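Shown here: my_file_31.txt, compact mmCIF, N, CA and C atoms.
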# COMPACT_ATOMS: atom_id res chain seq x y z
N MET B 1 0.85 -1.18 0.00
CA MET B 1 0.00 0.00 0.00
C MET B 1 0.89 1.24 0.00
N THR B 2 0.58 2.18 -0.87
CA THR B 2 1.38 3.39 -0.99
C THR B 2 0.64 4.57 -0.35
N PRO B 3 1.38 5.48 0.24
CA PRO B 3 0.77 6.61 0.94
C PRO B 3 0.32 7.70 -0.04
N ASP B 4 -0.62 8.51 0.39
CA ASP B 4 -1.02 9.68 -0.39
C ASP B 4 -0.24 10.87 0.17
N LEU B 5 0.74 11.31 -0.58
CA LEU B 5 1.60 12.40 -0.13
C LEU B 5 1.31 13.70 -0.86
N SER B 6 0.27 13.73 -1.66
CA SER B 6 0.01 14.90 -2.51
C SER B 6 -0.38 16.15 -1.72
N THR B 7 -0.92 15.99 -0.52
CA THR B 7 -1.42 17.16 0.20
C THR B 7 -0.58 17.56 1.41
N CYS B 8 0.43 16.77 1.76
CA CYS B 8 1.22 17.12 2.94
C CYS B 8 2.48 17.89 2.54
N ARG B 9 3.06 18.58 3.51
CA ARG B 9 4.33 19.29 3.28
C ARG B 9 5.44 18.26 3.21
N LYS B 10 6.22 18.32 2.14
CA LYS B 10 7.24 17.31 1.93
C LYS B 10 8.36 17.85 1.06
N VAL B 11 9.47 17.12 1.06
CA VAL B 11 10.55 17.35 0.11
C VAL B 11 10.87 16.00 -0.51
N ALA B 12 11.31 16.03 -1.76
CA ALA B 12 11.66 14.80 -2.47
C ALA B 12 13.09 14.90 -2.96
N GLY B 13 13.75 13.77 -2.98
CA GLY B 13 15.11 13.73 -3.47
C GLY B 13 16.12 13.66 -2.34
N ILE B 14 17.30 13.18 -2.68
CA ILE B 14 18.34 12.93 -1.69
C ILE B 14 18.85 14.21 -1.04
N LYS B 15 19.18 15.21 -1.84
CA LYS B 15 19.76 16.44 -1.28
C LYS B 15 18.78 17.19 -0.38
N GLN B 16 17.54 17.36 -0.85
CA GLN B 16 16.56 18.10 -0.05
C GLN B 16 16.18 17.33 1.21
N THR B 17 16.12 16.02 1.10
CA THR B 17 15.79 15.23 2.29
C THR B 17 16.92 15.28 3.31
N MET B 18 18.15 15.21 2.84
CA MET B 18 19.29 15.31 3.77
C MET B 18 19.28 16.67 4.48
N ARG B 19 18.98 17.73 3.75
CA ARG B 19 18.90 19.06 4.36
C ARG B 19 17.80 19.09 5.42
N ALA B 20 16.64 18.52 5.12
CA ALA B 20 15.54 18.49 6.09
C ALA B 20 15.93 17.70 7.33
N LEU B 21 16.65 16.60 7.15
CA LEU B 21 17.09 15.81 8.30
C LEU B 21 18.10 16.59 9.14
N ARG B 22 19.06 17.22 8.50
CA ARG B 22 20.07 17.98 9.24
C ARG B 22 19.44 19.12 10.03
N GLU B 23 18.36 19.70 9.48
CA GLU B 23 17.67 20.81 10.15
C GLU B 23 16.56 20.33 11.08
N HIS B 24 16.45 19.02 11.25
CA HIS B 24 15.44 18.42 12.13
C HIS B 24 14.03 18.84 11.76
N ARG B 25 13.75 18.91 10.46
CA ARG B 25 12.42 19.29 9.98
C ARG B 25 11.60 18.10 9.51
N ALA B 26 12.19 16.91 9.43
CA ALA B 26 11.49 15.73 8.92
C ALA B 26 10.82 14.97 10.05
N GLU B 27 9.62 14.43 9.76
CA GLU B 27 8.94 13.61 10.75
C GLU B 27 8.73 12.18 10.27
N LYS B 28 8.84 11.94 8.96
CA LYS B 28 8.71 10.59 8.43
C LYS B 28 9.46 10.51 7.11
N LEU B 29 10.09 9.37 6.85
CA LEU B 29 10.79 9.14 5.59
C LEU B 29 10.14 8.00 4.84
N TYR B 30 10.01 8.19 3.54
CA TYR B 30 9.61 7.12 2.64
C TYR B 30 10.81 6.87 1.74
N ILE B 31 11.37 5.68 1.83
CA ILE B 31 12.55 5.30 1.05
C ILE B 31 12.13 4.23 0.06
N ALA B 32 12.44 4.44 -1.21
CA ALA B 32 12.06 3.48 -2.24
C ALA B 32 12.82 2.17 -2.07
N CYS B 33 12.08 1.07 -2.16
CA CYS B 33 12.69 -0.25 -1.98
C CYS B 33 13.60 -0.62 -3.15
N ASP B 34 13.44 0.04 -4.31
CA ASP B 34 14.26 -0.29 -5.47
C ASP B 34 15.34 0.77 -5.75
N ALA B 35 15.58 1.66 -4.81
CA ALA B 35 16.65 2.65 -4.95
C ALA B 35 17.97 2.06 -4.46
N ASP B 36 19.07 2.68 -4.86
CA ASP B 36 20.40 2.20 -4.51
C ASP B 36 20.63 2.33 -2.99
N PRO B 37 20.76 1.22 -2.27
CA PRO B 37 20.94 1.27 -0.82
C PRO B 37 22.18 2.04 -0.38
N ALA B 38 23.24 1.98 -1.16
CA ALA B 38 24.48 2.67 -0.78
C ALA B 38 24.28 4.18 -0.77
N VAL B 39 23.44 4.68 -1.67
CA VAL B 39 23.18 6.12 -1.75
C VAL B 39 22.26 6.56 -0.61
N LEU B 40 21.31 5.70 -0.26
CA LEU B 40 20.31 6.07 0.74
C LEU B 40 20.71 5.75 2.18
N GLU B 41 21.76 4.97 2.37
CA GLU B 41 22.17 4.56 3.71
C GLU B 41 22.41 5.74 4.65
N PRO B 42 23.11 6.80 4.22
CA PRO B 42 23.30 7.93 5.15
C PRO B 42 21.98 8.58 5.59
N LEU B 43 21.02 8.66 4.68
CA LEU B 43 19.71 9.23 5.03
C LEU B 43 19.00 8.33 6.04
N GLU B 44 19.02 7.04 5.76
CA GLU B 44 18.35 6.11 6.65
C GLU B 44 18.99 6.10 8.03
N ARG B 45 20.31 6.13 8.08
CA ARG B 45 21.03 6.13 9.36
C ARG B 45 20.68 7.37 10.17
N LEU B 46 20.72 8.54 9.53
CA LEU B 46 20.40 9.79 10.22
C LEU B 46 18.95 9.80 10.69
N GLY B 47 18.07 9.30 9.86
CA GLY B 47 16.65 9.21 10.25
C GLY B 47 16.46 8.33 11.48
N ARG B 48 17.13 7.19 11.49
CA ARG B 48 17.00 6.28 12.65
C ARG B 48 17.60 6.91 13.91
N GLU B 49 18.73 7.63 13.77
CA GLU B 49 19.33 8.31 14.91
C GLU B 49 18.37 9.34 15.51
N GLN B 50 17.54 9.96 14.66
CA GLN B 50 16.60 10.97 15.12
C GLN B 50 15.25 10.37 15.53
N GLY B 51 15.12 9.06 15.43
CA GLY B 51 13.88 8.40 15.82
C GLY B 51 12.74 8.61 14.84
N ILE B 52 13.07 8.85 13.59
CA ILE B 52 12.06 9.10 12.55
C ILE B 52 11.54 7.77 12.02
N VAL B 53 10.24 7.70 11.81
CA VAL B 53 9.62 6.52 11.23
C VAL B 53 10.05 6.42 9.77
N ILE B 54 10.47 5.23 9.36
CA ILE B 54 10.93 5.02 7.98
C ILE B 54 10.07 3.93 7.35
N ASP B 55 9.50 4.24 6.20
CA ASP B 55 8.70 3.29 5.43
C ASP B 55 9.49 2.98 4.16
N ASP B 56 9.77 1.71 3.92
CA ASP B 56 10.55 1.33 2.74
C ASP B 56 9.85 0.27 1.89
N HIS B 57 8.54 0.40 1.75
CA HIS B 57 7.77 -0.59 1.02
C HIS B 57 7.41 -0.19 -0.41
N ALA B 58 7.46 1.08 -0.74
CA ALA B 58 7.04 1.55 -2.07
C ALA B 58 8.23 1.61 -3.02
N THR B 59 7.95 1.53 -4.31
CA THR B 59 8.98 1.67 -5.33
C THR B 59 9.19 3.16 -5.65
N MET B 60 10.23 3.45 -6.40
CA MET B 60 10.50 4.84 -6.79
C MET B 60 9.33 5.39 -7.60
N ALA B 61 8.80 4.61 -8.53
CA ALA B 61 7.68 5.06 -9.35
C ALA B 61 6.45 5.34 -8.49
N GLN B 62 6.18 4.45 -7.53
CA GLN B 62 5.03 4.64 -6.64
C GLN B 62 5.19 5.89 -5.78
N LEU B 63 6.39 6.10 -5.24
CA LEU B 63 6.61 7.29 -4.41
C LEU B 63 6.42 8.57 -5.22
N GLY B 64 6.97 8.60 -6.41
CA GLY B 64 6.79 9.77 -7.26
C GLY B 64 5.33 10.04 -7.54
N HIS B 65 4.60 8.99 -7.87
CA HIS B 65 3.16 9.14 -8.16
C HIS B 65 2.40 9.62 -6.92
N CYS B 66 2.67 9.02 -5.78
CA CYS B 66 1.97 9.39 -4.54
C CYS B 66 2.28 10.81 -4.10
N ALA B 67 3.46 11.28 -4.45
CA ALA B 67 3.85 12.64 -4.08
C ALA B 67 3.35 13.67 -5.09
N GLY B 68 2.78 13.19 -6.19
CA GLY B 68 2.25 14.11 -7.19
C GLY B 68 3.33 14.71 -8.09
N ILE B 69 4.44 13.99 -8.27
CA ILE B 69 5.49 14.46 -9.17
C ILE B 69 5.56 13.52 -10.37
N ALA B 70 6.08 14.02 -11.48
CA ALA B 70 6.04 13.29 -12.74
C ALA B 70 7.15 12.25 -12.88
N VAL B 71 8.09 12.22 -11.97
CA VAL B 71 9.20 11.26 -12.04
C VAL B 71 9.24 10.43 -10.76
N GLY B 72 10.04 9.38 -10.78
CA GLY B 72 10.20 8.56 -9.58
C GLY B 72 10.98 9.31 -8.52
N ALA B 73 10.83 8.88 -7.29
CA ALA B 73 11.54 9.51 -6.17
C ALA B 73 12.19 8.42 -5.33
N ALA B 74 13.49 8.57 -5.07
CA ALA B 74 14.21 7.61 -4.25
C ALA B 74 13.84 7.77 -2.77
N VAL B 75 13.57 9.00 -2.38
CA VAL B 75 13.24 9.28 -0.98
C VAL B 75 12.35 10.51 -0.90
N ILE B 76 11.44 10.47 0.05
CA ILE B 76 10.58 11.62 0.34
C ILE B 76 10.55 11.80 1.85
N ALA B 77 10.68 13.02 2.30
CA ALA B 77 10.57 13.33 3.72
C ALA B 77 9.30 14.15 3.93
N VAL B 78 8.45 13.67 4.81
CA VAL B 78 7.29 14.44 5.24
C VAL B 78 7.78 15.38 6.32
N LEU B 79 7.45 16.66 6.18
CA LEU B 79 7.96 17.69 7.09
C LEU B 79 7.03 17.92 8.26
N LYS B 80 7.61 18.32 9.36
CA LYS B 80 6.84 18.68 10.55
C LYS B 80 6.02 19.92 10.25
N ASP B 81 4.91 20.05 10.96
CA ASP B 81 4.05 21.24 10.78
C ASP B 81 4.61 22.49 11.34
Just dump the structure as structure tokens.
Amino acid sequence: MTPDLSTCRKVAGIKQTMRALREHRAEKLYIACDADPAVLEPLERLGREQGIVIDDHATMAQLGHCAGIAVGAAVIAVLKD
């Protein structure tokens, strides 16, 4: 099951998600199950250190679609209110 991310505040992509994590603005991460683990490992590690819930069940295509963007997304961070 894929989440509906079209209406929540979020950032997509590795660089923007890393920035959100460093600034402690992320509350949940969606990591694509078919993305390169070596690239996403630093994001996942930082998220776990901060106690952020991580969902890794959706594919890149599914995450992009759920976020309302025209391309796949390796990672999406839902931002705190």
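Proximity of B:Asp34, B:Asp81, B:Glu23, B:Glu41 to B:Ala58, computed with all atoms listed in the file, is greatest for B:Asp34.
Of the listed residues B:Leu79, B:Ile52, B:Cys66, B:Val39, the one whose atoms come nearest to B:Asp4 is B:Cys66, with distances taken using only C-alpha atoms.
With only C-alpha atoms as the atoms that count, the minimum distance from B:Val78 to the choices B:Ala26, B:Leu40, B:Leu21, B:Ile14 is reached by B:Ala26.
Separating atom C of B:Ile54 from atom C of B:Lys80 is a distance of 16.7 Å.
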Quiz item: If you run DSSP on this backbone, which residues of chain B come out as strand (DSSP E or B), and could you give them as a list of chain:residue names?
Solution: B:Lys10, B:Val11, B:Ala12, B:Ala26, B:Glu27, B:Lys28, B:Leu29, B:Tyr30, B:Ile31, B:Val53, B:Ile54, B:Asp55, B:Val75, B:Ile76, B:Ala77, B:Val78, B:Leu79
Quiz item: Quick one: residues within 6.5 Å of B:Ala73, all atoms listed in the file counted, chain neighbours fewer than 4 positions away excluded, as a ChimeraX atom specification?
Solution: /B:12-13,32,59-65
Exercise. Take atom CA of B:Gly68 and atom C of B:Gly51 and report the distance between them in Å, one decimal.
Key: 25.0 Å
Quiz item: Do you have the atom C of B:Gly47-atom C of B:Gly72 distance handy?
Solution: 20.8 Å
